[in-house]
file input.pdb (PDB, C-alpha atoms)
ATOM      1  CA  MET A   1       0.000   0.000   0.000
ATOM      2  CA  ASP A   2       1.412   3.352  -1.045
ATOM      3  CA  ARG A   3       1.509   5.610   2.017
ATOM      4  CA  SER A   4       2.705   8.689   0.127
ATOM      5  CA  VAL A   5       0.451  11.655   0.777
ATOM      6  CA  GLU A   6       0.173  14.817  -1.228
ATOM      7  CA  LYS A   7       0.842  17.804   1.019
ATOM      8  CA  LYS A   8       0.522  21.447   0.150
ATOM      9  CA  GLU A   9       2.163  24.358   1.883
ATOM     10  CA  HIS A  10      -0.338  26.665   3.535
ATOM     11  CA  GLY A  11       0.843  29.531   5.721
ATOM     12  CA  GLY A  12       4.194  27.930   6.457
ATOM     13  CA  PHE A  13       2.616  24.564   7.323
ATOM     14  CA  PHE A  14       2.141  21.498   5.172
ATOM     15  CA  VAL A  15      -1.505  20.431   4.950
ATOM     16  CA  THR A  16      -2.707  17.023   3.733
ATOM     17  CA  ASP A  17      -4.979  17.190   0.707
ATOM     18  CA  ILE A  18      -8.635  16.452   1.538
ATOM     19  CA  ARG A  19      -8.831  13.700  -1.110
ATOM     20  CA  ASP A  20      -5.977  11.891   0.622
ATOM     21  CA  LEU A  21      -7.703  12.198   3.983
ATOM     22  CA  VAL A  22     -10.968  10.823   2.561
ATOM     23  CA  ALA A  23      -9.151   7.909   0.923
ATOM     24  CA  ARG A  24      -7.271   7.097   4.141
ATOM     25  CA  ARG A  25     -10.466   7.276   6.175
ATOM     26  CA  LYS A  26     -12.259   4.864   3.797
ATOM     27  CA  SER A  27      -9.306   2.501   3.926
ATOM     28  CA  GLU A  28      -9.319   2.557   7.738
ATOM     29  CA  GLN A  29     -13.091   2.039   7.815
ATOM     30  CA  ARG A  30     -12.742  -1.082   5.647
ATOM     31  CA  ARG A  31      -9.916  -2.417   7.814
ATOM     32  CA  ILE A  32     -11.835  -1.824  11.050
ATOM     33  CA  LYS A  33     -15.034  -3.352   9.626
ATOM     34  CA  ILE A  34     -13.142  -6.507   8.627
ATOM     35  CA  LEU A  35     -11.662  -6.793  12.135
ATOM     36  CA  LEU A  36     -15.019  -6.187  13.828
ATOM     37  CA  ASP A  37     -16.800  -8.691  11.577
ATOM     38  CA  ALA A  38     -14.175 -11.309  12.394
ATOM     39  CA  ARG A  39     -14.531 -10.583  16.119
ATOM     40  CA  ARG A  40     -18.336 -10.740  15.912
ATOM     41  CA  SER A  41     -18.114 -14.123  14.153
ATOM     42  CA  GLU A  42     -15.842 -15.448  16.904
ATOM     43  CA  ASP A  43     -18.202 -14.154  19.599
ATOM     44  CA  GLN A  44     -21.232 -15.638  17.848
ATOM     45  CA  ALA A  45     -19.510 -19.031  17.582
ATOM     46  CA  LYS A  46     -18.967 -19.006  21.374
ATOM     47  CA  LEU A  47     -22.643 -18.295  22.157
ATOM     48  CA  LYS A  48     -24.747 -20.973  23.736
ATOM     49  CA  GLY A  49     -27.962 -21.633  21.923
ATOM     50  CA  GLY A  50     -30.666 -24.111  21.088
ATOM     51  CA  GLU A  51     -33.166 -25.948  23.251
ATOM     52  CA  ASP A  52     -30.806 -26.189  26.251
ATOM     53  CA  ALA A  53     -30.313 -22.419  26.497
ATOM     54  CA  VAL A  54     -32.487 -19.430  27.275
ATOM     55  CA  ALA A  55     -31.847 -15.694  26.921
ATOM     56  CA  TRP A  56     -31.280 -13.595  30.047
ATOM     57  CA  VAL A  57     -31.247  -9.782  30.392
ATOM     58  CA  LYS A  58     -28.732  -7.871  32.518
ATOM     59  CA  GLU A  59     -31.169  -5.202  33.690
ATOM     60  CA  GLU A  60     -28.516  -2.581  34.483
ATOM     61  CA  GLN A  61     -27.341  -2.624  30.857
ATOM     62  CA  CYS A  62     -30.755  -2.714  29.161
ATOM     63  CA  ILE A  63     -31.809   0.647  27.690
ATOM     64  CA  GLY A  64     -35.301  -0.464  26.629
ATOM     65  CA  CYS A  65     -34.624   0.182  22.946
ATOM     66  CA  ASP A  66     -37.050  -2.555  21.777
ATOM     67  CA  GLN A  67     -34.573  -4.087  19.293
ATOM     68  CA  CYS A  68     -34.815  -7.512  20.937
ATOM     69  CA  THR A  69     -38.612  -7.598  20.721
ATOM     70  CA  ILE A  70     -38.460  -6.662  17.049
ATOM     71  CA  VAL A  71     -36.202  -9.605  16.113
ATOM     72  CA  CYS A  72     -37.780 -12.207  18.422
ATOM     73  CA  ASP A  73     -39.914 -14.534  16.293
ATOM     74  CA  ASP A  74     -41.111 -16.449  19.371
ATOM     75  CA  ASP A  75     -42.741 -13.531  21.245
ATOM     76  CA  ALA A  76     -40.511 -14.461  24.178
ATOM     77  CA  ILE A  77     -39.572 -10.894  25.153
ATOM     78  CA  GLU A  78     -41.659  -8.168  26.661
ATOM     79  CA  LEU A  79     -40.822  -4.689  27.905
ATOM     80  CA  TYR A  80     -41.903  -3.513  31.336
ATOM     81  CA  ASP A  81     -41.787  -0.128  33.062
ATOM     82  CA  THR A  82     -39.417   0.313  35.978
ATOM     83  CA  PRO A  83     -38.311   3.322  38.038
ATOM     84  CA  LEU A  84     -35.174   5.021  36.805
ATOM     85  CA  ALA A  85     -32.203   4.425  39.079
ATOM     86  CA  SER A  86     -30.578   7.811  38.399
ATOM     87  CA  PRO A  87     -31.190  10.791  40.696
ATOM     88  CA  ILE A  88     -29.979  13.279  38.057
ATOM     89  CA  LEU A  89     -32.307  12.233  35.215
ATOM     90  CA  ASN A  90     -36.047  12.794  35.272
ATOM     91  CA  ILE A  91     -37.599  10.349  32.824
ATOM     92  CA  GLU A  92     -41.260   9.366  33.127
ATOM     93  CA  VAL A  93     -41.009   5.969  31.439
ATOM     94  CA  ASN A  94     -37.980   3.734  31.846
ATOM     95  CA  ARG A  95     -38.394   0.382  30.101
ATOM     96  CA  LYS A  96     -36.459  -2.855  30.439
ATOM     97  CA  ALA A  97     -36.646  -6.140  28.537
ATOM     98  CA  LYS A  98     -37.807  -9.330  30.200
ATOM     99  CA  ILE A  99     -37.373 -12.821  28.729
ATOM    100  CA  LEU A 100     -40.289 -15.223  28.920
ATOM    101  CA  ARG A 101     -38.534 -18.557  29.520
ATOM    102  CA  ASP A 102     -41.129 -20.970  28.135
ATOM    103  CA  PRO A 103     -41.544 -19.495  24.640
ATOM    104  CA  CYS A 104     -37.782 -18.746  24.282
ATOM    105  CA  THR A 105     -36.223 -21.224  21.829
ATOM    106  CA  GLY A 106     -32.609 -20.138  22.379
ATOM    107  CA  CYS A 107     -32.216 -18.823  18.809
ATOM    108  CA  GLN A 108     -29.788 -16.030  19.895
ATOM    109  CA  LEU A 109     -31.365 -13.350  17.662
ATOM    110  CA  CYS A 110     -31.975 -11.050  20.627
ATOM    111  CA  VAL A 111     -28.360 -11.374  21.760
ATOM    112  CA  LEU A 112     -27.096 -10.333  18.344
ATOM    113  CA  ALA A 113     -29.586  -7.446  18.078
ATOM    114  CA  CYS A 114     -28.882  -5.904  21.486
ATOM    115  CA  PRO A 115     -26.777  -2.726  21.064
ATOM    116  CA  THR A 116     -25.596  -2.733  24.699
ATOM    117  CA  ASP A 117     -24.827  -6.470  25.049
ATOM    118  CA  ALA A 118     -27.413  -6.641  27.834
ATOM    119  CA  ILE A 119     -28.703 -10.050  26.704
ATOM    120  CA  LEU A 120     -26.808 -13.279  27.032
ATOM    121  CA  MET A 121     -27.584 -16.972  26.795
ATOM    122  CA  ILE A 122     -27.636 -19.152  29.900
ATOM    123  CA  ASP A 123     -28.397 -22.804  30.549
ATOM    124  CA  ARG A 124     -32.105 -23.532  30.845
TER
END

call {"tool": "encode", "arguments": {"input": "input.pdb", "output": "structure tokens"}}
result
Amino acid sequence: MDRSVEKKEHGGFFVTDIRDLVARRKSEQRRIKILLDARRSEDQAKLKGGEDAVAWVKEEQCIGCDQCTIVCDDDAIELYDTPLASPILNIEVNRKAKILRDPCTGCQLCVLACPTDAILMIDR
């Protein structure tokens, strides 16, 4: 990979050309995406799943975003209202996810959809 960068003098300083910065940023984005995808695949391979597993929510990490309920094909997740644990925020509705054990099939979709990693798989 050619790391030469076109620089122009501007007020006594050398400034990188914007096209070079954009190209470098895209290159870094591709590299980081490849690394993250590989890491995600490794993490997914380590997940428990199937009939012997059930999803479980770490309440302190759940932000009530509803992503898990959207992807759950088994209707095994519901959101409930709970008081907010922060004295500095005044929010009327604070929601958390709750797994319904019986309908949960252990498919892992909720785990993969959760943006805060609040859901994990445990033994049934």

call {"tool": "closest_residue", "arguments": {"input": "input.pdb", "among": "A:Val15, A:Cys110, A:Ala38, A:Ile91", "to": "Glu78 of chain A", "atoms": "only C-alpha atoms"}}
result
A:Cys110

call {"tool": "closest_residue", "arguments": {"input": "input.pdb", "among": "A:Glu28, A:Asp52, A:Glu60, A:Asp73", "to": "Arg95 of chain A", "atoms": "only C-alpha atoms"}}
result
A:Glu60

call {"tool": "atom_distance", "arguments": {"input": "input.pdb", "atom1": "atom CA of Val54 of chain A", "atom2": "atom CA of Asp123 of chain A"}}
result
6.2 Å

call {"tool": "residues_around", "arguments": {"input": "input.pdb", "residues": "Lys98 of chain A", "least_positions_apart": "2", "cutoff": "8 Å", "atoms": "only C-alpha atoms", "output": "PyMOL selection string"}}
result
chain A and resi 56-57+77-80+96+100

call {"tool": "closest_residue", "arguments": {"input": "input.pdb", "among": "A:Leu112, A:Ala76, A:Val71, A:Cys65", "to": "Ile99 of chain A", "atoms": "all atoms listed in the file"}}
result
A:Ala76

call {"tool": "resolve_selection", "arguments": {"input": "input.pdb", "expression": "the PyMOL selection byres ((chain A and resi 106) around 7)", "output": "PyMOL selection string"}}
result
chain A and resi 49-51+53-55+104-105+107-108

call {"tool": "atom_distance", "arguments": {"input": "input.pdb", "atom1": "atom CA of Ala113 of chain A", "atom2": "atom CA of Ser41 of chain A"}}
result
13.8 Å

call {"tool": "atom_distance", "arguments": {"input": "input.pdb", "atom1": "atom CA of Leu84 of chain A", "atom2": "atom CA of Leu120 of chain A"}}
result
22.4 Å

call {"tool": "closest_residue", "arguments": {"input": "input.pdb", "among": "A:Ile32, A:Arg124, A:Ile70, A:Asp81", "to": "Val93 of chain A", "atoms": "all atoms listed in the file"}}
result
A:Asp81

call {"tool": "closest_residue", "arguments": {"input": "input.pdb", "among": "A:Glu59, A:Pro103, A:Asp37, A:Arg24", "to": "Pro83 of chain A", "atoms": "only C-alpha atoms"}}
result
A:Glu59

call {"tool": "closest_residue", "arguments": {"input": "input.pdb", "among": "A:Asp117, A:Asp17, A:Asp66, A:Asp75", "to": "Ala97 of chain A", "atoms": "only C-alpha atoms"}}
result
A:Asp66

call {"tool": "decode", "arguments": {"input": "input.pdb", "residues": "segment 35-81 of chain A", "atoms": "C-alpha atoms", "output": "compact mmCIF listing (two decimals), in the first residue's frame"}}
result
# COMPACT_ATOMS: atom_id res chain seq x y z
CA LEU A 35 -11.66 -6.79 12.14
CA LEU A 36 -15.02 -6.19 13.83
CA ASP A 37 -16.80 -8.69 11.58
CA ALA A 38 -14.18 -11.31 12.39
CA ARG A 39 -14.53 -10.58 16.12
CA ARG A 40 -18.34 -10.74 15.91
CA SER A 41 -18.11 -14.12 14.15
CA GLU A 42 -15.84 -15.45 16.90
CA ASP A 43 -18.20 -14.15 19.60
CA GLN A 44 -21.23 -15.64 17.85
CA ALA A 45 -19.51 -19.03 17.58
CA LYS A 46 -18.97 -19.01 21.37
CA LEU A 47 -22.64 -18.30 22.16
CA LYS A 48 -24.75 -20.97 23.74
CA GLY A 49 -27.96 -21.63 21.92
CA GLY A 50 -30.67 -24.11 21.09
CA GLU A 51 -33.17 -25.95 23.25
CA ASP A 52 -30.81 -26.19 26.25
CA ALA A 53 -30.31 -22.42 26.50
CA VAL A 54 -32.49 -19.43 27.27
CA ALA A 55 -31.85 -15.69 26.92
CA TRP A 56 -31.28 -13.60 30.05
CA VAL A 57 -31.25 -9.78 30.39
CA LYS A 58 -28.73 -7.87 32.52
CA GLU A 59 -31.17 -5.20 33.69
CA GLU A 60 -28.52 -2.58 34.48
CA GLN A 61 -27.34 -2.62 30.86
CA CYS A 62 -30.75 -2.71 29.16
CA ILE A 63 -31.81 0.65 27.69
CA GLY A 64 -35.30 -0.46 26.63
CA CYS A 65 -34.62 0.18 22.95
CA ASP A 66 -37.05 -2.55 21.78
CA GLN A 67 -34.57 -4.09 19.29
CA CYS A 68 -34.81 -7.51 20.94
CA THR A 69 -38.61 -7.60 20.72
CA ILE A 70 -38.46 -6.66 17.05
CA VAL A 71 -36.20 -9.61 16.11
CA CYS A 72 -37.78 -12.21 18.42
CA ASP A 73 -39.91 -14.53 16.29
CA ASP A 74 -41.11 -16.45 19.37
CA ASP A 75 -42.74 -13.53 21.24
CA ALA A 76 -40.51 -14.46 24.18
CA ILE A 77 -39.57 -10.89 25.15
CA GLU A 78 -41.66 -8.17 26.66
CA LEU A 79 -40.82 -4.69 27.91
CA TYR A 80 -41.90 -3.51 31.34
CA ASP A 81 -41.79 -0.13 33.06
